[in-house]
>>> print(open('coords.txt').read())   # compact mmCIF, C-alpha atoms and all ligand atoms
# COMPACT_ATOMS: atom_id res chain seq x y z
CA MET A 1 -68.76 41.61 -11.16
CA LYS A 2 -67.70 38.46 -9.32
CA SER A 3 -69.21 35.17 -10.38
CA TYR A 4 -71.95 33.54 -8.33
CA LEU A 5 -69.80 30.73 -6.97
CA ARG A 6 -66.99 33.16 -6.15
CA VAL A 7 -69.45 35.37 -4.25
CA LEU A 8 -70.84 32.42 -2.28
CA ALA A 9 -67.29 31.34 -1.42
CA ASP A 10 -66.40 34.90 -0.35
CA ILE A 11 -69.46 35.13 1.91
CA LYS A 12 -68.60 31.76 3.45
CA GLU A 13 -64.97 32.70 3.97
CA LYS A 14 -65.58 36.15 5.41
CA TYR A 15 -68.72 35.56 7.49
CA ASP A 16 -68.97 31.76 7.76
CA ILE A 17 -72.50 31.99 6.33
CA ASP A 18 -73.97 29.55 3.78
CA VAL A 19 -76.29 31.01 1.17
CA VAL A 20 -78.67 28.27 0.02
CA LEU A 21 -81.83 27.86 -2.05
CA GLY A 22 -83.67 25.45 0.20
CA GLU A 23 -83.63 23.37 3.33
CA ASP A 24 -85.95 21.26 5.44
CA LEU A 25 -88.30 23.43 7.40
CA ALA A 26 -88.51 22.91 11.14
CA ALA A 27 -91.03 25.66 11.74
CA LYS A 28 -94.43 24.42 10.62
CA GLU A 29 -95.79 27.94 10.27
CA LEU A 30 -93.25 28.75 7.55
CA ARG A 31 -93.73 28.08 3.82
CA TYR A 32 -91.79 29.06 0.72
CA SER A 33 -91.04 28.02 -2.84
CA GLU A 34 -87.58 27.37 -4.15
CA VAL A 35 -86.20 29.85 -6.66
CA LYS A 36 -84.61 28.99 -9.97
CA ALA A 37 -80.82 28.94 -9.84
CA THR A 38 -80.59 31.69 -12.48
CA VAL A 39 -82.83 34.00 -10.45
CA ALA A 40 -80.87 33.29 -7.29
CA ARG A 41 -77.62 33.95 -9.11
CA ASP A 42 -78.75 37.39 -10.23
CA TYR A 43 -80.05 38.27 -6.76
CA VAL A 44 -76.84 37.24 -5.00
CA GLU A 45 -74.43 38.80 -7.51
CA SER A 46 -76.22 42.08 -8.10
CA PHE A 47 -77.81 42.70 -4.72
CA LEU A 48 -77.32 40.51 -1.66
CA HIS A 49 -73.54 40.60 -1.74
CA GLN A 50 -73.51 44.42 -1.73
CA GLU A 51 -75.86 44.55 1.24
CA LEU A 52 -73.80 42.05 3.25
CA LEU A 53 -70.56 43.91 2.53
CA VAL A 54 -71.77 46.75 4.76
CA TYR A 55 -71.04 44.44 7.72
CA SER A 56 -67.62 43.63 9.07
CA ALA A 57 -66.61 39.99 9.47
CA GLU A 58 -66.62 40.51 13.23
CA THR A 59 -70.21 41.80 13.25
CA LEU A 60 -71.76 38.95 11.30
CA ARG A 61 -69.67 36.25 12.95
CA LYS A 62 -70.73 37.54 16.37
CA SER A 63 -74.37 37.52 15.23
CA LYS A 64 -74.02 33.72 14.92
CA LEU A 65 -76.00 33.79 11.69
CA GLU A 66 -75.14 30.56 9.86
CA ARG A 67 -77.36 30.42 6.85
CA ILE A 68 -79.32 32.59 4.44
CA VAL A 69 -82.12 30.89 2.51
CA ILE A 70 -83.19 32.85 -0.56
CA CYS A 71 -86.65 31.89 -1.71
CA GLU A 72 -89.97 32.93 -3.27
CA LYS A 73 -93.54 33.04 -1.98
CA LEU A 74 -92.38 33.16 1.61
CA ALA A 75 -95.28 33.00 4.06
CA SER A 76 -95.52 32.83 7.81
CA CYS A 77 -98.78 31.56 9.33
CA GLY A 78 -100.40 32.04 5.93
CA SER A 79 -99.36 35.70 5.58
CA LYS A 80 -96.93 36.91 2.92
CA ALA A 81 -93.54 37.79 4.36
CA ASN A 82 -90.50 39.52 2.89
CA GLY A 83 -88.22 37.88 5.39
CA MET A 84 -88.04 35.72 8.49
CA ALA A 85 -85.39 35.03 11.09
CA GLU A 86 -85.06 31.68 12.83
CA MET A 87 -82.57 32.05 15.63
CA LYS A 88 -83.51 28.96 17.56
CA LYS A 89 -80.32 27.04 17.85
CA LEU A 90 -80.51 27.06 21.62
CA ILE A 91 -84.12 25.88 21.59
CA VAL A 92 -84.03 23.34 18.76
CA PRO A 93 -80.72 21.47 18.90
CA GLY A 94 -79.19 20.90 15.50
CA ARG A 95 -80.96 23.83 13.83
CA LYS A 96 -78.82 26.37 12.06
CA ASN A 97 -79.43 30.03 12.77
CA THR A 98 -81.13 31.09 9.56
CA ILE A 99 -82.69 34.06 7.87
CA TYR A 100 -85.09 33.62 4.96
CA LEU A 101 -85.16 36.32 2.30
CA ASN A 102 -87.99 36.49 -0.20
CA ILE A 103 -86.71 37.47 -3.63
CA GLY A 104 -88.88 40.18 -5.11
CA ASN A 105 -88.86 41.38 -8.68
CA GLU A 106 -87.21 44.63 -7.70
CA ARG A 107 -83.88 45.27 -6.01
CA ASP A 108 -85.21 48.27 -4.18
CA ASN A 109 -85.26 49.75 -0.69
CA LEU A 110 -88.06 47.39 0.34
CA HIS A 111 -85.85 44.36 -0.19
CA ARG A 112 -82.74 46.15 1.00
CA GLY A 113 -84.59 46.99 4.22
CA THR A 114 -85.67 43.38 4.69
CA VAL A 115 -82.07 42.14 4.55
CA HIS A 116 -81.07 44.54 7.32
CA HIS A 117 -84.22 43.93 9.39
CA GLU A 118 -83.55 40.17 9.44
CA ILE A 119 -79.83 40.55 10.10
CA PHE A 120 -80.71 42.73 13.05
CA HIS A 121 -82.76 39.88 14.53
CA ALA A 122 -79.61 37.73 14.46
CA ILE A 123 -77.59 40.49 16.14
CA ASP A 124 -80.33 41.12 18.70
CA TYR A 125 -80.66 37.43 19.52
CA SER A 126 -76.91 37.04 20.00
CA ASP A 127 -76.00 40.29 21.76
CA ASP A 128 -76.75 39.02 25.25
CA TYR A 129 -78.00 36.04 27.22
CA TRP A 130 -81.63 37.15 26.98
CA GLY A 131 -82.14 36.78 23.22
CA TYR A 132 -84.99 38.99 22.07
CA VAL A 133 -86.07 39.98 25.58
CA ASP A 134 -85.29 43.64 26.37
CA TYR A 135 -87.11 45.09 29.38
CA GLU A 136 -85.01 48.26 29.28
CA TRP A 137 -86.28 49.04 25.78
CA GLU A 138 -89.86 48.30 26.78
CA LYS A 139 -89.55 50.77 29.64
CA LEU A 140 -88.88 53.56 27.13
CA ASN A 141 -92.46 53.30 25.84
CA PRO A 142 -95.31 55.41 27.24
CA LYS A 143 -96.87 54.13 30.44
CA GLY A 144 -99.54 51.53 29.69
CA PHE A 145 -98.30 50.68 26.19
CA GLU A 146 -98.11 46.95 25.47
CA TYR A 147 -96.67 45.42 22.32
CA GLY A 148 -99.31 43.65 20.28
CA HIS A 149 -102.21 45.20 22.21
CA ASP A 150 -102.45 48.69 20.90
CA GLY A 151 -105.16 48.49 18.26
CA TYR A 152 -102.88 48.71 15.21
CA ASP A 153 -103.42 46.35 12.33
CA HIS A 154 -100.26 44.37 12.92
CA PHE A 155 -99.93 42.92 9.49
CA GLU A 156 -100.18 46.27 7.77
CA HIS A 157 -96.61 47.40 7.12
CA TYR A 158 -97.30 51.09 6.97
CA GLU A 159 -95.09 53.86 8.25
CA SER A 160 -96.23 55.20 11.56
CA ASP A 161 -96.33 58.70 12.93
CA ALA A 162 -97.44 57.42 16.35
CA PRO A 163 -94.98 58.86 18.88
CA GLY A 164 -92.01 56.54 19.30
CA PHE A 165 -92.81 54.14 16.45
CA LEU A 166 -91.46 54.20 12.92
CA SER A 167 -93.90 51.60 11.59
CA GLY A 168 -97.11 49.84 12.55
CA TYR A 169 -95.17 46.59 12.54
CA GLY A 170 -92.85 47.97 15.21
CA THR A 171 -95.74 47.94 17.68
CA THR A 172 -96.17 44.15 17.47
CA ALA A 173 -93.20 43.07 19.61
CA VAL A 174 -90.14 44.57 21.20
CA HIS A 175 -87.76 42.75 18.84
CA GLU A 176 -89.75 43.92 15.80
CA ASP A 177 -89.67 47.51 17.10
CA LYS A 178 -85.88 47.33 17.37
CA ALA A 179 -85.47 45.61 13.98
CA GLU A 180 -87.64 48.31 12.39
CA TYR A 181 -85.50 51.03 13.95
CA PHE A 182 -82.37 49.38 12.61
CA LYS A 183 -83.90 48.98 9.15
CA HIS A 184 -84.96 52.61 9.03
CA LEU A 185 -81.55 53.81 10.22
CA MET A 186 -79.88 51.72 7.51
CA ILE A 187 -82.22 52.78 4.69
CA ASN A 188 -83.38 56.26 5.64
CA TYR A 189 -80.98 57.67 8.20
CA SER A 190 -81.93 61.30 7.44
CA GLY A 191 -85.62 60.49 7.76
CA VAL A 192 -85.10 59.00 11.23
CA GLU A 193 -82.99 62.00 12.25
CA LYS A 194 -85.84 64.25 11.16
CA ARG A 195 -88.37 62.27 13.21
CA ALA A 196 -85.99 62.29 16.20
CA SER A 197 -85.79 66.11 16.05
CA THR A 198 -89.49 66.40 16.94
CA ASP A 199 -90.18 63.11 18.76
CA ALA A 200 -88.33 62.59 22.04
CA LEU A 201 -89.15 58.88 22.20
CA VAL A 202 -87.78 58.26 18.71
CA LYS A 203 -84.62 60.11 19.76
CA MET A 204 -84.25 57.97 22.90
CA LYS A 205 -84.80 54.73 20.98
CA VAL A 206 -82.25 55.71 18.33
CA GLU A 207 -79.69 56.48 21.04
CA ARG A 208 -80.46 53.22 22.85
CA LEU A 209 -80.19 51.16 19.65
CA LYS A 210 -76.93 52.81 18.66
CA ALA A 211 -75.49 52.14 22.14
CA LEU A 212 -76.52 48.47 21.99
CA LEU A 213 -74.99 48.09 18.55
CA ARG A 214 -71.79 49.88 19.55
CA LYS A 215 -71.44 47.50 22.48
CA PHE A 216 -72.03 44.56 20.14
CA SER A 217 -69.45 45.55 17.56
CA PRO A 218 -67.00 48.46 17.26
CA GLN A 219 -68.05 48.72 13.62
CA PHE A 220 -71.18 50.59 14.69
CA ASN A 221 -69.47 53.85 15.61
CA GLU A 222 -70.63 57.33 14.59
CA ASP A 223 -68.55 57.09 11.41
CA PHE A 224 -70.66 54.12 10.37
CA TRP A 225 -73.88 56.13 10.80
CA GLU A 226 -72.43 59.22 9.12
CA LYS A 227 -71.88 57.08 6.04
CA ARG A 228 -75.54 56.02 6.02
CA ARG A 229 -76.79 59.61 5.86
CA PRO A 230 -75.99 60.33 2.19
CA LEU A 231 -77.47 56.94 1.23
CA SER A 232 -80.86 57.83 2.74
CA GLY A 233 -83.91 56.96 0.66
CA PRO A 234 -87.56 56.10 1.07
CA VAL A 235 -88.55 53.01 3.08
CA TYR A 236 -91.12 51.28 0.92
CA TRP A 237 -94.02 49.18 2.07
CA LEU A 238 -95.94 46.53 0.20
ZN ZN B 301 -88.88 40.84 12.09
>>> encode(input="coords.txt", output="C-alpha cells")
Amino acid sequence: MKSYLRVLADIKEKYDIDVVLGEDLAAKELRYSEVKATVARDYVESFLHQELLVYSAETLRKSKLERIVICEKLASCGSKANGMAEMKKLIVPGRKNTIYLNIGNERDNLHRGTVHHEIFHAIDYSDDYWGYVDYEWEKLNPKGFEYGHDGYDHFEHYESDAPGFLSGYGTTAVHEDKAEYFKHLMINYSGVEKRASTDALVKMKVERLKALLRKFSPQFNEDFWEKRRPLSGPVYWL
C-alpha cells in the first residue's frame, strides 16, 4: 500500500485535487469537526484512493473539483450529513470547488456511495452552463410532480419504490435525484437494472444519465458500466 503522503501527491498530480483536513467555512449552514491525522491517513490510504481511481484524470479534471475535505460530525443546517458538495466558485469568487466527506467508522457501501454522490454533484455542476438546473430531466417526471413538494420525509434516506425514484432523498431536488441515480449505478448496478426492467421511468432516467455522462467524458461508455455490474452490492442507509 502506498504511503499517505504519496497517495495525496498522486491524487494532486493526476486530478489536481487537494485532500485536506480542514478549511475556513464560507457556508454558514455547514459544520464539521476536524479528524485526527491518523484517522485521515487510514481513510485515504485504505479507502478514498481506491474510490477515486475509478475516475479517469480527464473526468475529474473536467468536473473542476479542486478540494476534498475529510472530516467528522458533518452537519448541514443542523442535520447530520455524510457528504456535501460546494460548487460555488462562480457565485463566491475565491472559493474552491469542494466536497466534504464525513469519515464513518466503516468503509462500507454507505460511505462508498457518498463519495460517488458528491463527485457527481461536481460533474453535474460543470457539465454545462446551467449548473444544477436540468429542465429536460424534470420533464421526465410524472405530470404534476414537483421536487421537494411530494410529501416524502426529505431527510429520511430510505430506498424508494415510488415509480421513478431510487430513494426518498432523490425527490428533494433535481440534482439530488440525479446524484442518487449515479450513486446507485456505481454501488448497485444490478439492482438499478432490475428496477429499470419493471419501471419505465427508472429506465428512462438511467438512459438519460448515462447519455449525459457519456457526453461529459468518454470514460463513461458501456464498458465502464459493464464493469460496475459484478461489483454490485447493497446501498445502505443510516
Ligand atoms: Zn447531494
>>> closest_atom_pairs(input="coords.txt", of="segment 77-160 of chain A", to="segment 203-209 of chain A", cutoff="10 Å", atoms="only C-alpha atoms", output="JSON lines")
{"residue": "A:Glu136", "atom": "CA", "partner": "A:Arg208", "partner_atom": "CA", "distance": 9.3}
{"residue": "A:Trp137", "atom": "CA", "partner": "A:Lys205", "partner_atom": "CA", "distance": 7.6}
{"residue": "A:Leu140", "atom": "CA", "partner": "A:Lys205", "partner_atom": "CA", "distance": 7.5}
{"residue": "A:Asn141", "atom": "CA", "partner": "A:Lys205", "partner_atom": "CA", "distance": 9.2}
>>> closest_atom_pairs(input="coords.txt", of="chain A", to="ligand ZN 301 (chain B)", cutoff="7 Å", atoms="only C-alpha atoms and all ligand atoms", output="Markdown table")
| residue | atom | partner | partner_atom | distance |
| --- | --- | --- | --- | --- |
| A:Met84 | CA | B:ZN301 | ZN | 6.3 |
| A:Ala85 | CA | B:ZN301 | ZN | 6.9 |
| A:His117 | CA | B:ZN301 | ZN | 6.2 |
| A:Glu118 | CA | B:ZN301 | ZN | 6.0 |
| A:His121 | CA | B:ZN301 | ZN | 6.7 |
| A:Glu176 | CA | B:ZN301 | ZN | 4.9 |
| A:Ala179 | CA | B:ZN301 | ZN | 6.2 |
>>> atom_distance(input="coords.txt", atom1="atom CA of Gly131 of chain A", atom2="atom CA of His175 of chain A")
9.3 Å
>>> residues_near_point(input="coords.txt", point="(-72.9, 45.2, 22.1)", cutoff="12 Å", atoms="all atoms listed in the file", output="PDB file with C-alpha atoms, in the coordinates of the input")
ATOM      1  CA  GLU A  58     -66.620  40.510  13.230  1.00  0.00           C
ATOM      2  CA  THR A  59     -70.210  41.800  13.250  1.00  0.00           C
ATOM      3  CA  LYS A  62     -70.730  37.540  16.370  1.00  0.00           C
ATOM      4  CA  SER A  63     -74.370  37.520  15.230  1.00  0.00           C
ATOM      5  CA  ILE A 123     -77.590  40.490  16.140  1.00  0.00           C
ATOM      6  CA  ASP A 124     -80.330  41.120  18.700  1.00  0.00           C
ATOM      7  CA  TYR A 125     -80.660  37.430  19.520  1.00  0.00           C
ATOM      8  CA  SER A 126     -76.910  37.040  20.000  1.00  0.00           C
ATOM      9  CA  ASP A 127     -76.000  40.290  21.760  1.00  0.00           C
ATOM     10  CA  ASP A 128     -76.750  39.020  25.250  1.00  0.00           C
ATOM     11  CA  TYR A 129     -78.000  36.040  27.220  1.00  0.00           C
ATOM     12  CA  ARG A 208     -80.460  53.220  22.850  1.00  0.00           C
ATOM     13  CA  LEU A 209     -80.190  51.160  19.650  1.00  0.00           C
ATOM     14  CA  LYS A 210     -76.930  52.810  18.660  1.00  0.00           C
ATOM     15  CA  ALA A 211     -75.490  52.140  22.140  1.00  0.00           C
ATOM     16  CA  LEU A 212     -76.520  48.470  21.990  1.00  0.00           C
ATOM     17  CA  LEU A 213     -74.990  48.090  18.550  1.00  0.00           C
ATOM     18  CA  ARG A 214     -71.790  49.880  19.550  1.00  0.00           C
ATOM     19  CA  LYS A 215     -71.440  47.500  22.480  1.00  0.00           C
ATOM     20  CA  PHE A 216     -72.030  44.560  20.140  1.00  0.00           C
ATOM     21  CA  SER A 217     -69.450  45.550  17.560  1.00  0.00           C
ATOM     22  CA  PRO A 218     -67.000  48.460  17.260  1.00  0.00           C
ATOM     23  CA  GLN A 219     -68.050  48.720  13.620  1.00  0.00           C
ATOM     24  CA  PHE A 220     -71.180  50.590  14.690  1.00  0.00           C
ATOM     25  CA  ASN A 221     -69.470  53.850  15.610  1.00  0.00           C
TER      26      ASN A 221
END
>>> residues_around(input="coords.txt", residues="segment 67-73 of chain A", least_positions_apart="5", cutoff="7 Å", atoms="all atoms listed in the file", output="PyMOL selection string")
chain A and resi 17-22+32-35+96-103
>>> atom_distance(input="coords.txt", atom1="atom CA of Glu29 of chain A", atom2="atom CA of His116 of chain A")
22.4 Å
>>> atom_distance(input="coords.txt", atom1="atom CA of Leu231 of chain A", atom2="atom CA of Asn188 of chain A")
7.4 Å
>>> closest_residue(input="coords.txt", among="A:Arg31, A:His184, A:Lys88, A:Arg112", to="Gln50 of chain A", atoms="only C-alpha atoms")
A:Arg112
>>> closest_residue(input="coords.txt", among="A:Pro163, A:Pro142, A:Gly233, A:Gly78", to="Ser190 of chain A", atoms="only C-alpha atoms")
A:Gly233
>>> decode(input="coords.txt", residues="segment 57-73 of chain A", atoms="N, CA, C and O atoms", output="PDB file, in the first residue's frame")
ATOM      1  N   ALA A  57      -8.370  10.749 -15.222  1.00  0.00           N
ATOM      2  CA  ALA A  57      -7.883  12.113 -14.957  1.00  0.00           C
ATOM      3  C   ALA A  57      -8.770  13.116 -15.680  1.00  0.00           C
ATOM      4  O   ALA A  57      -9.141  14.159 -15.140  1.00  0.00           O
ATOM      5  N   GLU A  58      -9.153  12.776 -16.911  1.00  0.00           N
ATOM      6  CA  GLU A  58      -9.979  13.687 -17.710  1.00  0.00           C
ATOM      7  C   GLU A  58     -11.313  13.975 -17.010  1.00  0.00           C
ATOM      8  O   GLU A  58     -11.750  15.120 -16.932  1.00  0.00           O
ATOM      9  N   THR A  59     -11.940  12.917 -16.488  1.00  0.00           N
ATOM     10  CA  THR A  59     -13.254  13.081 -15.853  1.00  0.00           C
ATOM     11  C   THR A  59     -13.178  14.029 -14.663  1.00  0.00           C
ATOM     12  O   THR A  59     -13.942  14.997 -14.570  1.00  0.00           O
ATOM     13  N   LEU A  60     -12.259  13.777 -13.752  1.00  0.00           N
ATOM     14  CA  LEU A  60     -12.236  14.612 -12.542  1.00  0.00           C
ATOM     15  C   LEU A  60     -11.681  16.002 -12.820  1.00  0.00           C
ATOM     16  O   LEU A  60     -12.091  16.974 -12.188  1.00  0.00           O
ATOM     17  N   ARG A  61     -10.789  16.129 -13.757  1.00  0.00           N
ATOM     18  CA  ARG A  61     -10.312  17.482 -14.098  1.00  0.00           C
ATOM     19  C   ARG A  61     -11.430  18.306 -14.726  1.00  0.00           C
ATOM     20  O   ARG A  61     -11.610  19.473 -14.409  1.00  0.00           O
ATOM     21  N   LYS A  62     -12.218  17.654 -15.589  1.00  0.00           N
ATOM     22  CA  LYS A  62     -13.355  18.376 -16.199  1.00  0.00           C
ATOM     23  C   LYS A  62     -14.431  18.728 -15.174  1.00  0.00           C
ATOM     24  O   LYS A  62     -15.195  19.673 -15.362  1.00  0.00           O
ATOM     25  N   SER A  63     -14.513  17.951 -14.099  1.00  0.00           N
ATOM     26  CA  SER A  63     -15.528  18.238 -13.066  1.00  0.00           C
ATOM     27  C   SER A  63     -15.199  19.529 -12.308  1.00  0.00           C
ATOM     28  O   SER A  63     -16.036  20.058 -11.590  1.00  0.00           O
ATOM     29  N   LYS A  64     -13.968  19.988 -12.444  1.00  0.00           N
ATOM     30  CA  LYS A  64     -13.480  21.206 -11.786  1.00  0.00           C
ATOM     31  C   LYS A  64     -13.463  21.102 -10.262  1.00  0.00           C
ATOM     32  O   LYS A  64     -13.409  22.109  -9.551  1.00  0.00           O
ATOM     33  N   LEU A  65     -13.541  19.861  -9.770  1.00  0.00           N
ATOM     34  CA  LEU A  65     -13.402  19.668  -8.322  1.00  0.00           C
ATOM     35  C   LEU A  65     -11.961  20.001  -7.938  1.00  0.00           C
ATOM     36  O   LEU A  65     -11.022  19.521  -8.564  1.00  0.00           O
ATOM     37  N   GLU A  66     -11.805  20.831  -6.898  1.00  0.00           N
ATOM     38  CA  GLU A  66     -10.459  21.279  -6.526  1.00  0.00           C
ATOM     39  C   GLU A  66     -10.002  20.779  -5.170  1.00  0.00           C
ATOM     40  O   GLU A  66      -8.819  20.764  -4.866  1.00  0.00           O
ATOM     41  N   ARG A  67     -10.979  20.397  -4.345  1.00  0.00           N
ATOM     42  CA  ARG A  67     -10.586  20.071  -2.977  1.00  0.00           C
ATOM     43  C   ARG A  67     -11.554  19.064  -2.361  1.00  0.00           C
ATOM     44  O   ARG A  67     -12.760  19.127  -2.577  1.00  0.00           O
ATOM     45  N   ILE A  68     -10.998  18.141  -1.595  1.00  0.00           N
ATOM     46  CA  ILE A  68     -11.812  17.213  -0.810  1.00  0.00           C
ATOM     47  C   ILE A  68     -11.460  17.433   0.653  1.00  0.00           C
ATOM     48  O   ILE A  68     -10.286  17.334   1.034  1.00  0.00           O
ATOM     49  N   VAL A  69     -12.450  17.795   1.460  1.00  0.00           N
ATOM     50  CA  VAL A  69     -12.236  17.952   2.901  1.00  0.00           C
ATOM     51  C   VAL A  69     -12.758  16.685   3.574  1.00  0.00           C
ATOM     52  O   VAL A  69     -13.941  16.352   3.447  1.00  0.00           O
ATOM     53  N   ILE A  70     -11.884  15.968   4.267  1.00  0.00           N
ATOM     54  CA  ILE A  70     -12.364  14.810   5.018  1.00  0.00           C
ATOM     55  C   ILE A  70     -12.512  15.223   6.478  1.00  0.00           C
ATOM     56  O   ILE A  70     -11.651  15.911   7.045  1.00  0.00           O
ATOM     57  N   CYS A  71     -13.645  14.864   7.055  1.00  0.00           N
ATOM     58  CA  CYS A  71     -13.998  15.434   8.357  1.00  0.00           C
ATOM     59  C   CYS A  71     -14.900  14.478   9.147  1.00  0.00           C
ATOM     60  O   CYS A  71     -15.251  13.402   8.659  1.00  0.00           O
ATOM     61  N   GLU A  72     -15.254  14.909  10.356  1.00  0.00           N
ATOM     62  CA  GLU A  72     -16.178  14.155  11.210  1.00  0.00           C
ATOM     63  C   GLU A  72     -17.323  15.068  11.615  1.00  0.00           C
ATOM     64  O   GLU A  72     -17.192  16.283  11.580  1.00  0.00           O
ATOM     65  N   LYS A  73     -18.401  14.451  12.073  1.00  0.00           N
ATOM     66  CA  LYS A  73     -19.560  15.199  12.593  1.00  0.00           C
ATOM     67  C   LYS A  73     -20.025  16.288  11.624  1.00  0.00           C
ATOM     68  O   LYS A  73     -20.336  17.411  12.023  1.00  0.00           O
TER      69      LYS A  73
END
